[in-house]
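See below for the structure under consideration.
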Amino acid sequence: MRVLVIEYEPIIRMDLAFLVGSMGHAVVGPFSDEDEAIAAIEESRPDAALLDYILGGKTTSERCADILTGARVPFAFVTGHQRNLLPARFADIPVIAKPFDMTVLYGFLSQTEWQRA
């Protein structure tokens with residue numbers, strides 16, 4: 001499964017990419033910039049995505065989330081912020097809280113993989 005990763009913090013970005021890869025999935029990215037991630041989505045649609053919601057305190061990953069929603073690509077927000085910070089249109093999107101537990105991350109990706117089968 002190809003998993004797009006967007007994470008602003010470099011150490012967390014590397015850790016998240018490593019964990020996704022260690023689960024046997026191909027990592028698309030990882031990206032810290034939403035524009036780069038959107039270009040990757042348009043070039044080759046991923047099977048799932050993990051999105052940091054707030055990218056550097058300046059922007060969010062909302063545009064990317066909207067594109068993934070429209071393309072019917074399952075994704076989760078990986079964030080240290082409260083769910084109520086997310087816009088209402090993302091109320092049904094899974095949230096994996098930072099610091100993330102690998103079993104929660106594994107559960108999301110396993111369920112996504114099962115839904116694709």
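As shown in the structure tokens, the chain order sets the letters A, B, ...; within each chain, residues go from 1, and ligands are also counted from 1 in the order they appear.
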Sorted by chain and rising residue number, which residues of stretch 18-68 of chain A lie within 9 Å of stretch 92-109 of chain A, and what are their closest atom pairs and distances in Å to one decimal, counting only C-alpha atoms, as CSV?
```
residue,atom,partner,partner_atom,distance
A:Leu19,CA,A:Met102,CA,7.7
A:Val20,CA,A:Tyr106,CA,8.3
A:Met23,CA,A:Tyr106,CA,7.6
A:Ala48,CA,A:Leu109,CA,7.8
A:Leu50,CA,A:Ile96,CA,8.9
```
Quick one: contact table of stretch 32-58 of chain A to stretch 73-83 of chain A, 12 Å max, nearest atom pair and distance in Å to one decimal per residue, counting only C-alpha atoms, chain and number order, as JSON lines?
```
{"residue": "A:Ile41", "atom": "CA", "partner": "A:Val73", "partner_atom": "CA", "distance": 9.9}
{"residue": "A:Ser44", "atom": "CA", "partner": "A:Val73", "partner_atom": "CA", "distance": 11.9}
{"residue": "A:Arg45", "atom": "CA", "partner": "A:Val73", "partner_atom": "CA", "distance": 8.1}
{"residue": "A:Pro46", "atom": "CA", "partner": "A:Val73", "partner_atom": "CA", "distance": 7.2}
{"residue": "A:Asp47", "atom": "CA", "partner": "A:Val73", "partner_atom": "CA", "distance": 6.1}
{"residue": "A:Ala48", "atom": "CA", "partner": "A:Pro74", "partner_atom": "CA", "distance": 5.0}
{"residue": "A:Ala49", "atom": "CA", "partner": "A:Phe75", "partner_atom": "CA", "distance": 4.5}
{"residue": "A:Leu50", "atom": "CA", "partner": "A:Ala76", "partner_atom": "CA", "distance": 5.1}
{"residue": "A:Leu51", "atom": "CA", "partner": "A:Phe77", "partner_atom": "CA", "distance": 4.7}
{"residue": "A:Asp52", "atom": "CA", "partner": "A:Val78", "partner_atom": "CA", "distance": 4.9}
{"residue": "A:Tyr53", "atom": "CA", "partner": "A:Thr79", "partner_atom": "CA", "distance": 6.0}
{"residue": "A:Ile54", "atom": "CA", "partner": "A:Thr79", "partner_atom": "CA", "distance": 7.6}
{"residue": "A:Leu55", "atom": "CA", "partner": "A:Thr79", "partner_atom": "CA", "distance": 10.0}
{"residue": "A:Gly57", "atom": "CA", "partner": "A:His81", "partner_atom": "CA", "distance": 11.6}
```
Same residues, N, CA and C atoms, output as a CSV table (one decimal), in the first residue's frame:
```
chain,number,residue,atom,x,y,z
A,41,ILE,N,0.1,13.7,-5.1
A,41,ILE,CA,-1.3,13.1,-5.2
A,41,ILE,C,-1.7,13.1,-6.6
A,44,SER,N,0.5,10.6,-8.8
A,44,SER,CA,0.2,9.1,-8.5
A,44,SER,C,-0.6,9.0,-7.2
A,45,ARG,N,-1.8,8.7,-7.4
A,45,ARG,CA,-2.7,8.7,-6.2
A,45,ARG,C,-2.3,7.6,-5.2
A,46,PRO,N,-2.1,8.1,-3.9
A,46,PRO,CA,-1.8,7.1,-2.9
A,46,PRO,C,-3.0,6.3,-2.5
A,47,ASP,N,-2.7,5.2,-1.7
A,47,ASP,CA,-3.8,4.3,-1.2
A,47,ASP,C,-4.3,4.8,0.1
A,48,ALA,N,-3.5,5.6,0.8
A,48,ALA,CA,-3.9,6.1,2.2
A,48,ALA,C,-3.0,7.3,2.5
A,49,ALA,N,-3.3,8.1,3.5
A,49,ALA,CA,-2.5,9.2,3.8
A,49,ALA,C,-2.5,9.5,5.3
A,50,LEU,N,-1.4,10.0,5.8
A,50,LEU,CA,-1.3,10.5,7.2
A,50,LEU,C,-0.9,12.0,7.1
A,51,LEU,N,-1.8,12.8,7.7
A,51,LEU,CA,-1.6,14.3,7.5
A,51,LEU,C,-1.4,15.0,8.9
A,52,ASP,N,-0.3,15.7,9.0
A,52,ASP,CA,-0.2,16.6,10.1
A,52,ASP,C,-1.1,17.7,9.8
A,53,TYR,N,-2.0,18.1,10.8
A,53,TYR,CA,-3.0,19.1,10.5
A,53,TYR,C,-2.4,20.5,10.3
A,54,ILE,N,-1.6,21.0,11.4
A,54,ILE,CA,-1.0,22.3,11.3
A,54,ILE,C,0.4,22.2,10.9
A,55,LEU,N,0.7,22.9,9.8
A,55,LEU,CA,2.1,22.8,9.2
A,55,LEU,C,2.9,24.1,9.5
A,57,GLY,N,2.6,26.1,12.0
A,57,GLY,CA,1.8,27.3,12.6
A,57,GLY,C,1.3,28.3,11.6
```
Every residue of chain A that DSSP places in strand (DSSP E), as JSON, numbers by chain: {"A": [2, 3, 4, 5, 6, 26, 27, 28, 29, 30, 31, 48, 49, 50, 51, 54, 55, 59, 60, 75, 76, 77, 78, 79, 95, 96, 97]}
Close residues, A:Ala37 itself excluded, 10 Å, only C-alpha atoms, min 3 positions apart in chain, as a ChimeraX atom specification: /A:4-6,28-34,40-43,51,61,64
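Comparing the minimum interatomic distances between A:Tyr8 and each of A:Ala71, A:Phe90, A:Thr59, A:Gln111, counting only C-alpha atoms, we find that A:Thr59 sits nearest.
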Selection: 12 Å around A:Arg89, only C-alpha atoms, excl. self and same-chain fewer than 5 positions, as a list in words: Glu62, Ala65, Asp66, Thr69, Arg83 and Asn84 of chain A
Expected file: the selected residues, N, CA, C and O atoms, as a compact mmCIF listing (two decimals), in the first residue's frame:
```txt
# COMPACT_ATOMS: atom_id res chain seq x y z
N GLU A 62 -5.48 21.30 5.05
CA GLU A 62 -6.88 21.21 4.62
C GLU A 62 -7.05 21.01 3.12
O GLU A 62 -7.91 20.24 2.70
N ALA A 65 -6.36 17.48 2.40
CA ALA A 65 -7.46 16.66 2.92
C ALA A 65 -8.67 16.73 2.01
O ALA A 65 -9.33 15.72 1.76
N ASP A 66 -8.97 17.91 1.49
CA ASP A 66 -10.11 18.05 0.57
C ASP A 66 -9.89 17.25 -0.72
O ASP A 66 -10.81 16.61 -1.22
N THR A 69 -10.25 13.58 0.08
CA THR A 69 -11.67 13.27 0.26
C THR A 69 -12.35 13.11 -1.09
O THR A 69 -13.08 12.14 -1.32
N ARG A 83 -9.35 17.61 18.54
CA ARG A 83 -10.22 17.36 17.39
C ARG A 83 -11.09 18.57 17.08
O ARG A 83 -11.35 18.85 15.91
N ASN A 84 -11.52 19.31 18.09
CA ASN A 84 -12.41 20.45 17.85
C ASN A 84 -11.74 21.57 17.07
O ASN A 84 -12.40 22.49 16.61
```
Which of chain A DSSP labels alpha helix (DSSP H), written as JSON, numbers by chain: {"A": [10, 11, 12, 13, 14, 15, 16, 17, 18, 19, 20, 21, 22, 34, 35, 36, 37, 38, 39, 40, 41, 42, 43, 62, 63, 64, 65, 66, 67, 68, 69, 70, 102, 103, 104, 105, 106, 107, 108, 109, 110, 111, 112, 113, 114, 115, 116]}
Å distance separating atom CA of A:Ala88 from atom CA of A:Arg72, one decimal place: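 Separation of atom CA of A:Ala88 and atom CA of A:Arg72: 17.8 Å.
For the pair atom CA of A:Gly56 and atom CA of A:Ile38, the interatomic distance is 17.1 Å.
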